[in-house]
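Q: Below you'll find my_file_6.txt; it's compact mmCIF, C-alpha atoms (C1' of nucleotides).
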```
# COMPACT_ATOMS: atom_id res chain seq x y z
CA MET A 49 0.00 0.00 0.00
CA PRO A 50 1.13 3.59 -0.46
CA SER A 51 2.61 5.08 2.70
CA GLU A 52 1.01 7.98 4.50
CA ALA A 53 3.57 10.31 2.92
CA ASP A 54 2.72 8.95 -0.54
CA LEU A 55 -0.94 9.68 0.01
CA VAL A 56 -0.16 13.19 1.22
CA GLY A 57 1.71 13.86 -2.03
CA GLN A 58 -0.73 12.06 -4.28
CA PHE A 59 -3.99 13.51 -2.98
CA ASP A 60 -2.85 16.81 -1.50
CA VAL A 61 -4.20 16.08 1.96
CA SER A 62 -2.58 16.47 5.34
CA ARG A 63 -0.85 13.54 6.92
CA MET A 64 -3.53 13.21 9.61
CA THR A 65 -6.13 12.66 6.92
CA ALA A 66 -4.05 10.01 5.19
CA ASN A 67 -3.37 8.48 8.56
CA ARG A 68 -7.02 8.32 9.40
CA ALA A 69 -7.90 6.72 6.07
CA LEU A 70 -5.31 3.99 6.56
CA ARG A 71 -6.22 3.54 10.21
CA GLU A 72 -9.83 2.95 9.28
CA LEU A 73 -8.87 0.43 6.62
CA GLN A 74 -6.85 -1.32 9.28
CA SER A 75 -9.67 -1.42 11.79
CA ALA A 76 -11.92 -2.83 9.07
CA GLY A 77 -9.38 -5.63 8.67
CA ILE A 78 -8.59 -4.73 5.08
CA ILE A 79 -4.99 -3.76 5.60
CA VAL A 80 -2.30 -4.50 8.14
CA ARG A 81 0.01 -1.72 9.24
CA ARG A 82 3.50 -2.21 10.62
CA ALA A 83 5.35 0.71 12.16
CA GLY A 84 8.69 1.24 10.45
CA SER A 85 7.72 -1.04 7.63
CA GLY A 86 4.53 -0.11 5.83
CA SER A 87 0.89 -0.92 5.19
CA PHE A 88 -0.10 -4.12 3.45
CA ILE A 89 -3.19 -5.84 2.17
CA ALA A 90 -4.43 -8.11 4.97
CA GLU A 91 -4.71 -11.85 4.70
CA PRO A 92 -8.32 -12.76 3.95
CA LYS A 93 -10.19 -12.81 7.23
CA PRO A 94 -12.13 -15.78 8.48
CA ILE A 95 -15.81 -15.04 8.34
CA GLY A 96 -16.28 -16.61 11.67
CA HIS A 97 -18.46 -18.79 13.80
CA MET A 98 -20.19 -21.64 12.16
CA ILE A 99 -18.56 -20.81 8.85
CA GLU A 100 -15.34 -22.22 10.18
CA ILE A 101 -16.67 -25.59 9.24
CA ARG A 102 -16.67 -24.56 5.61
CA ASN A 103 -13.36 -26.09 4.71
CA ILE A 104 -13.72 -29.70 5.59
CA ALA A 105 -10.27 -30.59 4.27
CA GLU A 106 -8.52 -28.16 6.57
CA GLU A 107 -10.68 -29.12 9.47
CA ILE A 108 -9.76 -32.76 9.09
CA ARG A 109 -6.08 -32.03 8.60
CA GLY A 110 -6.23 -29.75 11.62
CA ARG A 111 -7.21 -32.79 13.65
CA GLY A 112 -4.09 -34.52 12.40
CA HIS A 113 -5.93 -36.93 10.12
CA ASP A 114 -5.61 -37.71 6.45
CA TYR A 115 -8.15 -36.05 4.20
CA ARG A 116 -9.32 -37.74 1.03
CA ALA A 117 -12.11 -36.90 -1.41
CA ARG A 118 -13.90 -39.31 -3.70
CA VAL A 119 -15.58 -37.55 -6.62
CA ILE A 120 -18.72 -39.45 -7.56
CA GLN A 121 -19.65 -37.06 -10.34
CA ASN A 122 -19.09 -33.54 -11.59
CA VAL A 123 -21.26 -32.87 -14.61
CA GLU A 124 -22.82 -30.01 -16.48
CA GLU A 125 -26.60 -30.09 -16.64
CA LYS A 126 -29.50 -27.97 -17.67
CA ALA A 127 -31.53 -27.06 -14.60
CA SER A 128 -34.52 -29.36 -14.13
CA ALA A 129 -37.76 -28.23 -12.56
CA GLU A 130 -36.36 -29.29 -9.17
CA THR A 131 -32.86 -27.87 -9.41
CA ALA A 132 -34.09 -24.62 -10.96
CA VAL A 133 -35.98 -23.97 -7.74
CA LEU A 134 -32.92 -24.66 -5.62
CA LEU A 135 -30.78 -22.14 -7.47
CA GLU A 136 -33.64 -19.74 -8.19
CA VAL A 137 -32.99 -19.80 -11.95
CA PRO A 138 -35.13 -20.59 -15.01
CA VAL A 139 -35.46 -24.22 -16.04
CA GLY A 140 -32.75 -25.03 -18.59
CA THR A 141 -30.09 -22.73 -17.09
CA LYS A 142 -26.60 -24.21 -17.27
CA ILE A 143 -25.50 -25.57 -13.92
CA PHE A 144 -22.88 -27.92 -12.55
CA HIS A 145 -23.89 -30.80 -10.35
CA SER A 146 -21.18 -32.39 -8.26
CA ILE A 147 -21.28 -35.21 -5.73
CA ILE A 148 -18.27 -35.76 -3.54
CA VAL A 149 -17.64 -37.92 -0.48
CA HIS A 150 -15.13 -36.44 1.95
CA HIS A 151 -13.19 -38.86 4.12
CA GLU A 152 -11.45 -38.45 7.44
CA ALA A 153 -8.76 -41.11 7.46
CA GLU A 154 -10.66 -44.10 6.01
CA PHE A 155 -14.10 -42.95 7.20
CA PRO A 156 -16.60 -41.07 5.08
CA ILE A 157 -17.47 -37.94 7.04
CA GLN A 158 -19.43 -35.82 4.59
CA LEU A 159 -21.48 -36.39 1.48
CA GLU A 160 -21.54 -33.18 -0.50
CA GLU A 161 -24.09 -32.74 -3.27
CA ARG A 162 -23.77 -29.34 -4.85
CA PHE A 163 -25.43 -27.30 -7.58
CA VAL A 164 -23.48 -24.37 -8.96
CA LEU A 165 -24.54 -21.62 -11.32
CA ALA A 166 -22.31 -22.21 -14.37
CA SER A 167 -22.15 -18.56 -15.36
CA ALA A 168 -20.67 -17.71 -11.97
CA ALA A 169 -18.01 -20.44 -12.09
CA PRO A 170 -17.49 -21.45 -15.74
CA ASP A 171 -14.59 -23.86 -15.16
CA TYR A 172 -16.20 -25.68 -12.23
CA GLY A 173 -16.74 -28.73 -14.44
CA THR A 174 -13.04 -29.15 -15.18
CA LEU A 175 -11.72 -29.02 -11.63
CA ASP A 176 -10.07 -31.81 -9.72
CA PHE A 177 -11.90 -31.91 -6.43
CA THR A 178 -9.52 -34.42 -4.93
CA GLN A 179 -7.04 -31.54 -4.77
CA LEU A 180 -9.25 -28.65 -3.71
CA THR A 181 -12.75 -28.57 -2.30
CA PRO A 182 -15.59 -26.92 -4.20
CA ASN A 183 -15.87 -24.53 -1.34
CA GLU A 184 -12.25 -23.48 -1.54
CA TYR A 185 -12.63 -22.95 -5.25
CA LEU A 186 -15.84 -20.96 -4.97
CA THR A 187 -14.46 -18.82 -2.18
CA ARG A 188 -11.60 -17.83 -4.46
CA THR A 189 -13.58 -17.40 -7.64
CA ALA A 190 -16.81 -15.82 -6.49
CA PRO A 191 -16.28 -13.35 -3.64
CA LEU A 192 -18.51 -14.54 -0.84
CA GLU A 193 -21.21 -12.09 0.00
CA ARG A 194 -23.75 -13.98 2.01
CA VAL A 195 -24.07 -17.48 3.39
CA GLU A 196 -27.13 -19.25 4.68
CA HIS A 197 -27.17 -22.48 6.61
CA ARG A 198 -29.97 -24.74 7.61
CA VAL A 199 -29.39 -27.84 9.67
CA ARG A 200 -31.67 -30.75 10.40
CA ALA A 201 -31.59 -34.34 11.53
CA GLU A 202 -32.78 -36.87 8.98
CA MET A 203 -32.89 -40.50 8.16
CA PRO A 204 -30.71 -40.93 5.07
CA ASP A 205 -31.98 -42.47 1.86
CA ALA A 206 -30.38 -45.71 0.70
CA ARG A 207 -27.91 -43.99 -1.61
CA THR A 208 -26.69 -41.63 1.11
CA ARG A 209 -26.50 -44.50 3.59
CA GLY A 210 -24.36 -46.44 1.19
CA MET A 211 -22.00 -43.62 0.37
CA LEU A 212 -21.49 -42.71 4.03
CA GLY A 213 -21.20 -46.34 5.12
CA LEU A 214 -23.96 -45.97 7.68
CA ASN A 215 -25.73 -48.67 9.61
CA GLU A 216 -29.46 -49.12 9.25
CA GLY A 217 -31.26 -46.73 11.58
CA GLU A 218 -28.37 -44.27 11.86
CA PRO A 219 -29.42 -40.63 11.32
CA VAL A 220 -27.54 -37.93 9.45
CA LEU A 221 -27.02 -34.29 10.23
CA ARG A 222 -27.86 -32.55 7.00
CA MET A 223 -26.82 -29.02 6.35
CA THR A 224 -28.20 -27.02 3.47
CA ARG A 225 -25.74 -24.33 2.58
CA ARG A 226 -26.41 -21.55 0.11
CA THR A 227 -23.94 -18.88 -0.93
CA TRP A 228 -24.39 -15.59 -2.72
CA SER A 229 -21.85 -13.61 -4.69
CA ASN A 230 -22.27 -10.40 -6.63
CA GLY A 231 -25.92 -10.31 -5.71
CA ARG A 232 -26.69 -13.78 -7.11
CA LEU A 233 -27.28 -17.13 -5.49
CA VAL A 234 -24.37 -19.10 -6.94
CA SER A 235 -24.32 -22.36 -5.05
CA HIS A 236 -26.70 -24.70 -3.27
CA ALA A 237 -25.16 -27.59 -1.35
CA TRP A 238 -26.44 -30.44 0.75
CA LEU A 239 -23.87 -31.61 3.23
CA SER A 240 -24.80 -34.84 4.98
CA HIS A 241 -22.83 -36.13 7.95
CA PRO A 242 -23.09 -39.28 10.00
CA GLY A 243 -24.94 -38.04 13.09
CA THR A 244 -22.80 -40.04 15.43
CA ARG A 245 -19.47 -39.16 13.88
CA PHE A 246 -19.96 -35.46 13.38
CA GLU A 247 -20.84 -32.46 15.49
CA LEU A 248 -21.35 -28.91 14.46
CA SER A 249 -20.02 -26.46 16.94
CA ALA A 250 -20.01 -22.75 17.43
CA ALA A 251 -18.87 -20.62 20.31
CA PHE A 252 -19.03 -16.92 20.77
CA SER A 253 -18.04 -14.51 23.41
CA VAL A 254 -19.65 -11.25 24.24
CA ASP A 255 -16.78 -8.88 23.84
CA ASP A 256 -17.44 -5.59 25.48
CA MET B 55 -20.90 11.58 27.73
CA PRO B 56 -18.58 14.56 28.04
CA SER B 57 -18.24 16.52 24.81
CA GLU B 58 -14.98 16.79 22.93
CA ALA B 59 -14.50 20.26 24.36
CA ASP B 60 -15.05 18.94 27.90
CA LEU B 61 -12.38 16.31 27.38
CA VAL B 62 -9.97 18.91 26.04
CA GLY B 63 -10.43 20.94 29.22
CA GLN B 64 -10.47 17.99 31.57
CA PHE B 65 -7.45 16.08 30.29
CA ASP B 66 -5.42 18.83 28.68
CA VAL B 67 -5.33 17.19 25.28
CA SER B 68 -5.97 18.62 21.85
CA ARG B 69 -9.39 18.33 20.33
CA MET B 70 -8.20 15.84 17.72
CA THR B 71 -7.12 13.48 20.47
CA ALA B 72 -10.45 13.75 22.27
CA ASN B 73 -12.17 13.32 18.92
CA ARG B 74 -10.23 10.18 18.17
CA ALA B 75 -10.99 8.69 21.57
CA LEU B 76 -14.72 9.25 21.13
CA ARG B 77 -14.63 8.11 17.51
CA GLU B 78 -13.04 4.84 18.54
CA LEU B 79 -15.62 4.30 21.26
CA GLN B 80 -18.25 4.88 18.61
CA SER B 81 -16.79 2.39 16.16
CA ALA B 82 -16.61 -0.15 18.97
CA GLY B 83 -20.34 0.33 19.42
CA ILE B 84 -20.00 1.62 22.97
CA ILE B 85 -21.27 5.12 22.35
CA VAL B 86 -23.45 6.83 19.78
CA ARG B 87 -22.50 10.27 18.54
CA ARG B 88 -24.92 12.83 17.12
CA ALA B 89 -23.59 15.95 15.46
CA GLY B 90 -25.01 19.06 17.06
CA SER B 91 -26.29 17.07 19.99
CA GLY B 92 -23.68 15.04 21.82
CA SER B 93 -22.27 11.58 22.56
CA PHE B 94 -24.33 9.00 24.40
CA ILE B 95 -23.97 5.52 25.81
CA ALA B 96 -25.18 3.09 23.14
CA GLU B 97 -28.09 0.71 23.53
CA PRO B 98 -26.88 -2.82 24.34
CA LYS B 99 -26.16 -4.62 21.09
CA PRO B 100 -27.75 -7.90 20.08
CA ILE B 101 -25.40 -10.85 20.25
CA GLY B 102 -26.46 -12.12 16.88
CA HIS B 103 -26.47 -15.08 14.57
CA MET B 104 -27.32 -18.49 15.84
CA ILE B 105 -27.98 -17.06 19.27
CA GLU B 106 -31.23 -15.78 17.95
CA ILE B 107 -32.62 -19.23 18.43
CA ARG B 108 -32.12 -18.94 22.16
CA ASN B 109 -35.58 -17.80 22.99
CA ILE B 110 -37.83 -20.52 21.76
CA ALA B 111 -40.97 -18.84 23.10
CA GLU B 112 -40.42 -15.69 21.10
CA GLU B 113 -39.46 -17.65 18.03
CA ILE B 114 -42.67 -19.63 18.13
CA ARG B 115 -44.80 -16.57 18.80
CA GLY B 116 -42.96 -14.82 15.99
CA ARG B 117 -44.33 -17.48 13.67
CA GLY B 118 -47.80 -16.61 14.87
CA HIS B 119 -48.29 -19.80 16.86
CA ASP B 120 -49.19 -20.44 20.46
CA TYR B 121 -46.33 -21.23 22.76
CA ARG B 122 -46.81 -23.50 25.74
CA ALA B 123 -44.34 -25.08 28.16
CA ARG B 124 -44.86 -28.24 30.17
CA VAL B 125 -42.53 -28.43 33.16
CA ILE B 126 -41.69 -32.06 33.86
CA GLN B 127 -39.44 -31.27 36.79
CA ASN B 128 -37.40 -28.51 38.37
CA VAL B 129 -35.52 -29.80 41.36
CA GLU B 130 -32.48 -29.04 43.42
CA GLU B 131 -29.86 -31.79 43.45
CA LYS B 132 -26.34 -32.42 44.57
CA ALA B 133 -24.14 -32.96 41.52
CA SER B 134 -23.62 -36.64 40.77
CA ALA B 135 -20.47 -37.98 39.20
CA GLU B 136 -22.07 -37.45 35.78
CA THR B 137 -23.57 -34.01 36.25
CA ALA B 138 -20.47 -32.72 38.05
CA VAL B 139 -18.54 -33.33 34.84
CA LEU B 140 -21.12 -31.47 32.76
CA LEU B 141 -20.93 -28.34 34.90
CA GLU B 142 -17.24 -28.72 35.74
CA VAL B 143 -17.90 -28.63 39.49
CA PRO B 144 -17.04 -30.96 42.40
CA VAL B 145 -19.41 -33.84 43.11
CA GLY B 146 -22.01 -32.70 45.65
CA THR B 147 -22.20 -29.09 44.44
CA LYS B 148 -25.75 -27.70 44.60
CA ILE B 149 -27.34 -27.60 41.18
CA PHE B 150 -30.81 -27.28 39.69
CA HIS B 151 -32.03 -29.85 37.21
CA SER B 152 -34.99 -28.88 35.07
CA ILE B 153 -36.80 -30.71 32.31
CA ILE B 154 -39.25 -28.80 30.16
CA VAL B 155 -41.10 -29.61 26.96
CA HIS B 156 -41.74 -26.60 24.74
CA HIS B 157 -44.74 -26.76 22.44
CA GLU B 158 -45.54 -24.98 19.23
CA ALA B 159 -49.33 -24.98 19.05
CA GLU B 160 -50.13 -28.53 20.17
CA PHE B 161 -46.83 -30.04 18.98
CA PRO B 162 -43.81 -30.65 21.19
CA ILE B 163 -40.93 -28.89 19.48
CA GLN B 164 -38.14 -28.97 22.03
CA LEU B 165 -37.21 -31.07 25.02
CA GLU B 166 -34.98 -29.03 27.28
CA GLU B 167 -32.99 -30.75 29.99
CA ARG B 168 -30.88 -28.26 31.87
CA PHE B 169 -28.37 -28.23 34.72
CA VAL B 170 -27.74 -24.90 36.41
CA LEU B 171 -25.15 -23.91 38.97
CA ALA B 172 -27.26 -23.02 42.02
CA SER B 173 -24.84 -20.42 43.33
CA ALA B 174 -25.17 -18.48 40.09
CA ALA B 175 -28.98 -18.55 40.05
CA PRO B 176 -30.21 -19.20 43.60
CA ASP B 177 -33.93 -18.80 42.91
CA TYR B 178 -33.96 -20.96 39.78
CA GLY B 179 -35.80 -23.68 41.68
CA THR B 180 -38.77 -21.45 42.50
CA LEU B 181 -39.46 -20.12 39.02
CA ASP B 182 -42.52 -20.78 36.92
CA PHE B 183 -41.17 -21.85 33.59
CA THR B 184 -44.57 -21.83 31.97
CA GLN B 185 -44.30 -18.02 32.13
CA LEU B 186 -40.66 -17.44 31.26
CA THR B 187 -38.05 -19.72 29.73
CA PRO B 188 -34.95 -20.73 31.70
CA ASN B 189 -32.94 -19.00 29.05
CA GLU B 190 -34.79 -15.72 29.46
CA TYR B 191 -34.29 -15.93 33.20
CA LEU B 192 -30.60 -16.77 32.97
CA THR B 193 -29.96 -14.04 30.44
CA ARG B 194 -31.39 -11.52 32.88
CA THR B 195 -29.81 -12.89 36.02
CA ALA B 196 -26.37 -13.95 34.92
CA PRO B 197 -24.89 -11.61 32.32
CA LEU B 198 -24.03 -13.78 29.35
CA GLU B 199 -20.35 -13.89 28.65
CA ARG B 200 -19.79 -16.84 26.40
CA VAL B 201 -21.99 -19.39 24.71
CA GLU B 202 -21.02 -22.68 23.15
CA HIS B 203 -23.20 -24.83 20.95
CA ARG B 204 -22.73 -28.30 19.64
CA VAL B 205 -25.25 -29.90 17.35
CA ARG B 206 -25.64 -33.51 16.28
CA ALA B 207 -28.19 -35.89 14.86
CA GLU B 208 -29.21 -38.72 17.15
CA MET B 209 -31.72 -41.45 17.64
CA PRO B 210 -33.69 -40.49 20.76
CA ASP B 211 -33.98 -42.73 23.78
CA ALA B 212 -37.45 -43.99 24.70
CA ARG B 213 -38.11 -41.25 27.23
CA THR B 214 -37.20 -38.49 24.77
CA ARG B 215 -39.24 -40.16 22.06
CA GLY B 216 -42.23 -40.23 24.36
CA MET B 217 -41.97 -36.64 25.47
CA LEU B 218 -41.54 -35.34 21.93
CA GLY B 219 -44.25 -37.61 20.54
CA LEU B 220 -41.93 -39.08 17.94
CA ASN B 221 -42.49 -42.08 15.74
CA GLU B 222 -40.18 -45.05 15.94
CA GLY B 223 -37.11 -44.41 13.76
CA GLU B 224 -37.43 -40.64 13.79
CA PRO B 225 -34.16 -38.85 14.60
CA VAL B 226 -33.66 -35.77 16.77
CA LEU B 227 -31.45 -32.75 16.31
CA ARG B 228 -29.75 -32.39 19.67
CA MET B 229 -28.04 -29.21 20.65
CA THR B 230 -25.77 -29.02 23.64
CA ARG B 231 -25.66 -25.48 24.85
CA ARG B 232 -23.33 -24.20 27.54
CA THR B 233 -23.24 -20.67 28.88
CA TRP B 234 -20.69 -18.83 30.95
CA SER B 235 -21.17 -15.83 33.17
CA ASN B 236 -18.66 -14.01 35.37
CA GLY B 237 -15.98 -16.45 34.35
CA ARG B 238 -17.95 -19.54 35.40
CA LEU B 239 -19.82 -22.19 33.48
CA VAL B 240 -23.33 -21.64 34.84
CA SER B 241 -25.59 -23.74 32.67
CA HIS B 242 -25.48 -26.91 30.61
CA ALA B 243 -28.53 -27.70 28.50
CA TRP B 244 -29.53 -30.44 26.12
CA LEU B 245 -32.09 -29.23 23.62
CA SER B 246 -33.62 -32.03 21.57
CA HIS B 247 -35.81 -31.31 18.57
CA PRO B 248 -37.75 -33.55 16.23
CA GLY B 249 -35.45 -33.71 13.21
CA THR B 250 -38.28 -33.42 10.78
CA ARG B 251 -40.08 -30.57 12.51
CA PHE B 252 -37.17 -28.36 13.32
CA GLU B 253 -34.35 -26.66 11.46
CA LEU B 254 -31.55 -24.61 12.77
CA SER B 255 -30.66 -21.73 10.57
CA ALA B 256 -28.04 -19.07 10.42
CA ALA B 257 -27.26 -16.51 7.77
CA PHE B 258 -24.55 -13.98 7.65
CA SER B 259 -23.41 -11.36 5.27
CA VAL B 260 -19.91 -10.16 4.66
CA ASP B 261 -20.25 -6.52 5.31
CA ASP B 262 -17.41 -4.58 3.85
C1' DA C 204 20.34 7.41 6.65
C1' DA C 205 15.93 7.26 4.88
C1' DG C 206 11.48 5.70 5.41
C1' DT C 207 7.62 3.92 8.14
C1' DG C 208 3.61 4.18 11.18
C1' DG C 209 2.10 6.08 16.17
C1' DT C 210 0.83 9.82 18.31
C1' DC C 211 -0.21 14.50 19.53
C1' DT C 212 -0.96 19.63 19.01
C1' DA C 213 -3.35 24.12 18.07
C1' DG C 214 -5.91 25.91 15.02
C1' DA C 215 -9.76 26.28 11.52
C1' DC C 216 -14.47 26.14 9.05
C1' DC C 217 -18.78 23.77 8.80
C1' DA C 218 -23.77 22.11 9.43
C1' DC C 219 -26.50 20.91 12.71
C1' DT C 220 -29.08 20.82 17.38
C1' DT C 221 -30.56 22.91 21.41
C1' DC C 222 -32.63 26.47 24.03
C1' DA D 156 -26.46 32.35 20.42
C1' DA D 157 -24.03 28.69 22.30
C1' DG D 158 -22.79 24.10 21.94
C1' DT D 159 -22.13 19.80 19.36
C1' DG D 160 -19.73 16.55 16.38
C1' DG D 161 -17.39 16.19 11.33
C1' DT D 162 -13.62 17.19 9.10
C1' DC D 163 -9.20 18.95 7.72
C1' DT D 164 -4.54 21.26 8.06
C1' DA D 165 0.53 21.86 8.87
C1' DG D 166 3.52 20.87 11.91
C1' DA D 167 6.07 18.05 15.47
C1' DC D 168 8.71 14.19 18.04
C1' DC D 169 9.20 9.30 18.47
C1' DA D 170 10.63 4.23 17.99
C1' DC D 171 11.13 1.18 14.82
C1' DT D 172 12.42 -1.16 10.19
C1' DT D 173 14.88 -1.37 6.11
C1' DC D 174 18.91 -1.11 3.41
```
Please, can you express the file's structure as structure tokens?
A:
Amino acid sequence: MPSEADLVGQFDVSRMTANRALRELQSAGIIVRRAGSGSFIAEPKPIGHMIEIRNIAEEIRGRGHDYRARVIQNVEEKASAETAVLLEVPVGTKIFHSIIVHHEAEFPIQLEERFVLASAAPDYGTLDFTQLTPNEYLTRTAPLERVEHRVRAEMPDARTRGMLGLNEGEPVLRMTRRTWSNGRLVSHAWLSHPGTRFELSAAFSVDD
Amino acid sequence: MPSEADLVGQFDVSRMTANRALRELQSAGIIVRRAGSGSFIAEPKPIGHMIEIRNIAEEIRGRGHDYRARVIQNVEEKASAETAVLLEVPVGTKIFHSIIVHHEAEFPIQLEERFVLASAAPDYGTLDFTQLTPNEYLTRTAPLERVEHRVRAEMPDARTRGMLGLNEGEPVLRMTRRTWSNGRLVSHAWLSHPGTRFELSAAFSVDD
DNA sequence: AAGTGGTCTAGACCACTTC
DNA sequence: AAGTGGTCTAGACCACTTC
């Protein structure tokens, strides 16, 4: 970033004004300032709370376990009557439809079925999701604007039970996760977890 | 609050310094400033997000439905080996143990089993929880400092299934909610919901 | 030695609120 | 008319980093 002195020269303002501008960018978490060194673009900030669960790969590795993804499919489709509703687009809109099973060590921990607006992420269909999660990719490609989560307990259907290696009668914690970018709903995902092997958690402090 | 000019006189600083101090209090949400009028202590801020689900009674009424609570028990106990672990206290510590079923219209929507540190809420045992939820009471009595949630999908035991009026094979969404006040863990609650009749939701925007 | 942010000062003009 | 916050200026001294 330009230094305070640079800004003074460039915009013909006093140093206090430049200082205040940079100080406010800092307090907004957009830049980092180091005395004696300079001002720099900040590392992207975590969005916080429940969203920390977004990157399943990092979460698993953070627990010291191997992470592995099995890509069941990643295809381009035209939105059907059902999927058009999910993404709030007209029937026939180009979308990607991926199904991935995420593993912690040898255990399936999340079944991810995701619908993505193709115009918002044109190369989604060509990606190798064993190397990077859809969420990581989307976070980079489409600046995250809004996220919505819904969570419920369900009995899995036979396909889900098979892919997650569940016993008969074992429930799943199913999260529906929708993300918006540039004013558009760009992704709708169902994330199903074995109820007994997975917990969502969130903690917050009142900081005043 | 003192005005900028007051602070200049009182602390022998320049106006810019007083201005910065008040501006920072404002951006921290502690005061509100009105040009031409003055600076004032801010209204307490909402804690936000997932915490909005805390008051089940208001949530149900907000949906236009009747709210009703059935108090199964509310007794004083000495912490057993099991409950002592939950509240992180020595065995034998005085605690309250309440069980309440919350209803939306005629349907049970939440089974709340709660353990409360008696020394933090001495009159908990005498309260009428058909009129006010434990959470409302605790929020008023013990200033909330930290909250932790964990959520999982489970198959209910027979007692839970009975109290929630569930069919065989129907899972529950069980939240474990712990709250801290004045540096102590004061409450441990299990909140069980019919998986098919209840969804947790949380949305957040990136606001920059 | 030159550059950086951290902090503070003493002054100014302004639109607005309050009485 | 007096008081309030909003904003800006031109200058200063400092500890620290960078080279």
Q: Show me, as a list in words, the residues of chain B whose atoms get within 10 Å of chain D, using only C-alpha atoms (C1' of nucleotides) for the distance check.
A: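 Matching residues, ligands excluded from the count: Ser57, Glu58, Ala59, Asn73, Arg77, Arg87, Arg88, Ala89, Gly90, Ser91, Gly92 and Ser93 of chain B.
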Q: Could you give the RMSD, in Å, left over when chain A is least-squares superposed onto chain B across all Cα atoms paired sequentially?
A: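 1.8 Å is the C-alpha RMSD between the two chains.
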Q: Would you compute, for all listed atoms of stretch 148-158 of chain B, the axis-aligned bounding box grown by 3 Å on each side, and then report its centre and edge lengths in Å rounded to one decimal, as AutoDock Vina command-line options?
A:
```
--center_x -35.6 --center_y -27.8 --center_z 31.9 --size_x 25.8 --size_y 11.7 --size_z 31.4
```
Q: To one decimal place, how far is atom CA of A:Arg116 from atom CA of A:Gly243 in Å?
A: 19.7 Å
Q: Find the distance between atom CA of A:Asp205 and atom CA of A:Ile147 and write it in Å to one decimal.
A: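 We find that atom CA of A:Asp205 and atom CA of A:Ile147 lie 15.0 Å from each other.
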Q: Compile the contact shell of B:Ala196 as a ChimeraX atom specification: residues with an atom at most 8 Å away, counting all atoms listed in the file, same-chain residues fewer than 6 positions apart removed.
A: /B:174-175,235-236
Q: Of the residues B:Ala133, B:Leu218, B:Leu198, B:Val67, which is the one nearest to chain A, using only C-alpha atoms?
A: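 Result for the nearest residue to chain A: B:Leu198.
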Q: From the options A:Glu130, A:Glu154, A:Glu193, A:Glu216, which residue's atoms come nearest to chain B, counting only C-alpha atoms?
A: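 Ranking A:Glu130, A:Glu154, A:Glu193, A:Glu216 by distance to chain B, first place goes to A:Glu193.
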Q: Which residues are close to stretch 135-142 of chain A, i.e. within 8 Å by only C-alpha atoms (C1' of nucleotides), leaving aside same-chain residues fewer than 3 positions away? Reply as number ranges by chain.
A: A: 124-129, 131-132, 163-167, 233-236
Q: Suppose you want the space between atom CA of A:Leu134 and atom CA of A:Ile148; what is it in Å?
A: 18.5 Å
Q: Out of B:Glu112, B:Arg74, B:His119, B:Arg69, which residue has the shortest atom-to-atom distance to chain A when counting all atoms listed in the file?
A: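 Closest to chain A, using all atoms listed in the file: B:Arg74.
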Q: Given only C-alpha atoms as the basis, pick out the residue of A:Arg118, A:Arg162, A:His145, A:His197 nearest to chain B.
A: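 Checking each candidate against chain B, we get A:His197 as the closest.
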Q: Compile the contact shell of stretch 224-230 of chain B as a list of chain:residue names: residues with an atom at most 7 Å away, counting only C-alpha atoms (C1' of nucleotides), same-chain residues fewer than 6 positions apart removed.
A: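 In the requested format, the answer is A:Arg200, A:Ala201, A:Glu202, A:Met203, A:Pro219, B:His203, B:Arg204, B:Val205, B:Arg206, B:Ala207, B:Glu208, B:Met209, B:Pro210, B:Ala243, B:Trp244, B:Leu245, B:Ser246, B:His247, B:Pro248, B:Gly249.
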Q: Using the atoms already present, construct N, CA and C atoms for stretch 197-204 of chain A and hand them back as a compact mmCIF listing (two decimals), in the frame of the given file.
A:
```
# COMPACT_ATOMS: atom_id res chain seq x y z
N HIS A 197 -27.22 -21.09 6.22
CA HIS A 197 -27.17 -22.48 6.61
C HIS A 197 -28.50 -22.91 7.20
N ARG A 198 -28.88 -24.13 6.88
CA ARG A 198 -29.97 -24.74 7.61
C ARG A 198 -29.52 -26.14 8.00
N VAL A 199 -29.86 -26.55 9.18
CA VAL A 199 -29.39 -27.84 9.67
C VAL A 199 -30.57 -28.63 10.19
N ARG A 200 -30.63 -29.90 9.84
CA ARG A 200 -31.67 -30.75 10.40
C ARG A 200 -31.18 -32.18 10.55
N ALA A 201 -31.88 -32.91 11.37
CA ALA A 201 -31.59 -34.34 11.53
C ALA A 201 -32.51 -35.11 10.61
N GLU A 202 -31.97 -36.11 9.93
CA GLU A 202 -32.78 -36.87 8.98
C GLU A 202 -32.38 -38.33 8.97
N MET A 203 -33.28 -39.15 8.50
CA MET A 203 -32.89 -40.50 8.16
C MET A 203 -32.42 -40.47 6.71
N PRO A 204 -31.24 -41.00 6.43
CA PRO A 204 -30.71 -40.93 5.07
C PRO A 204 -31.47 -41.85 4.12
```
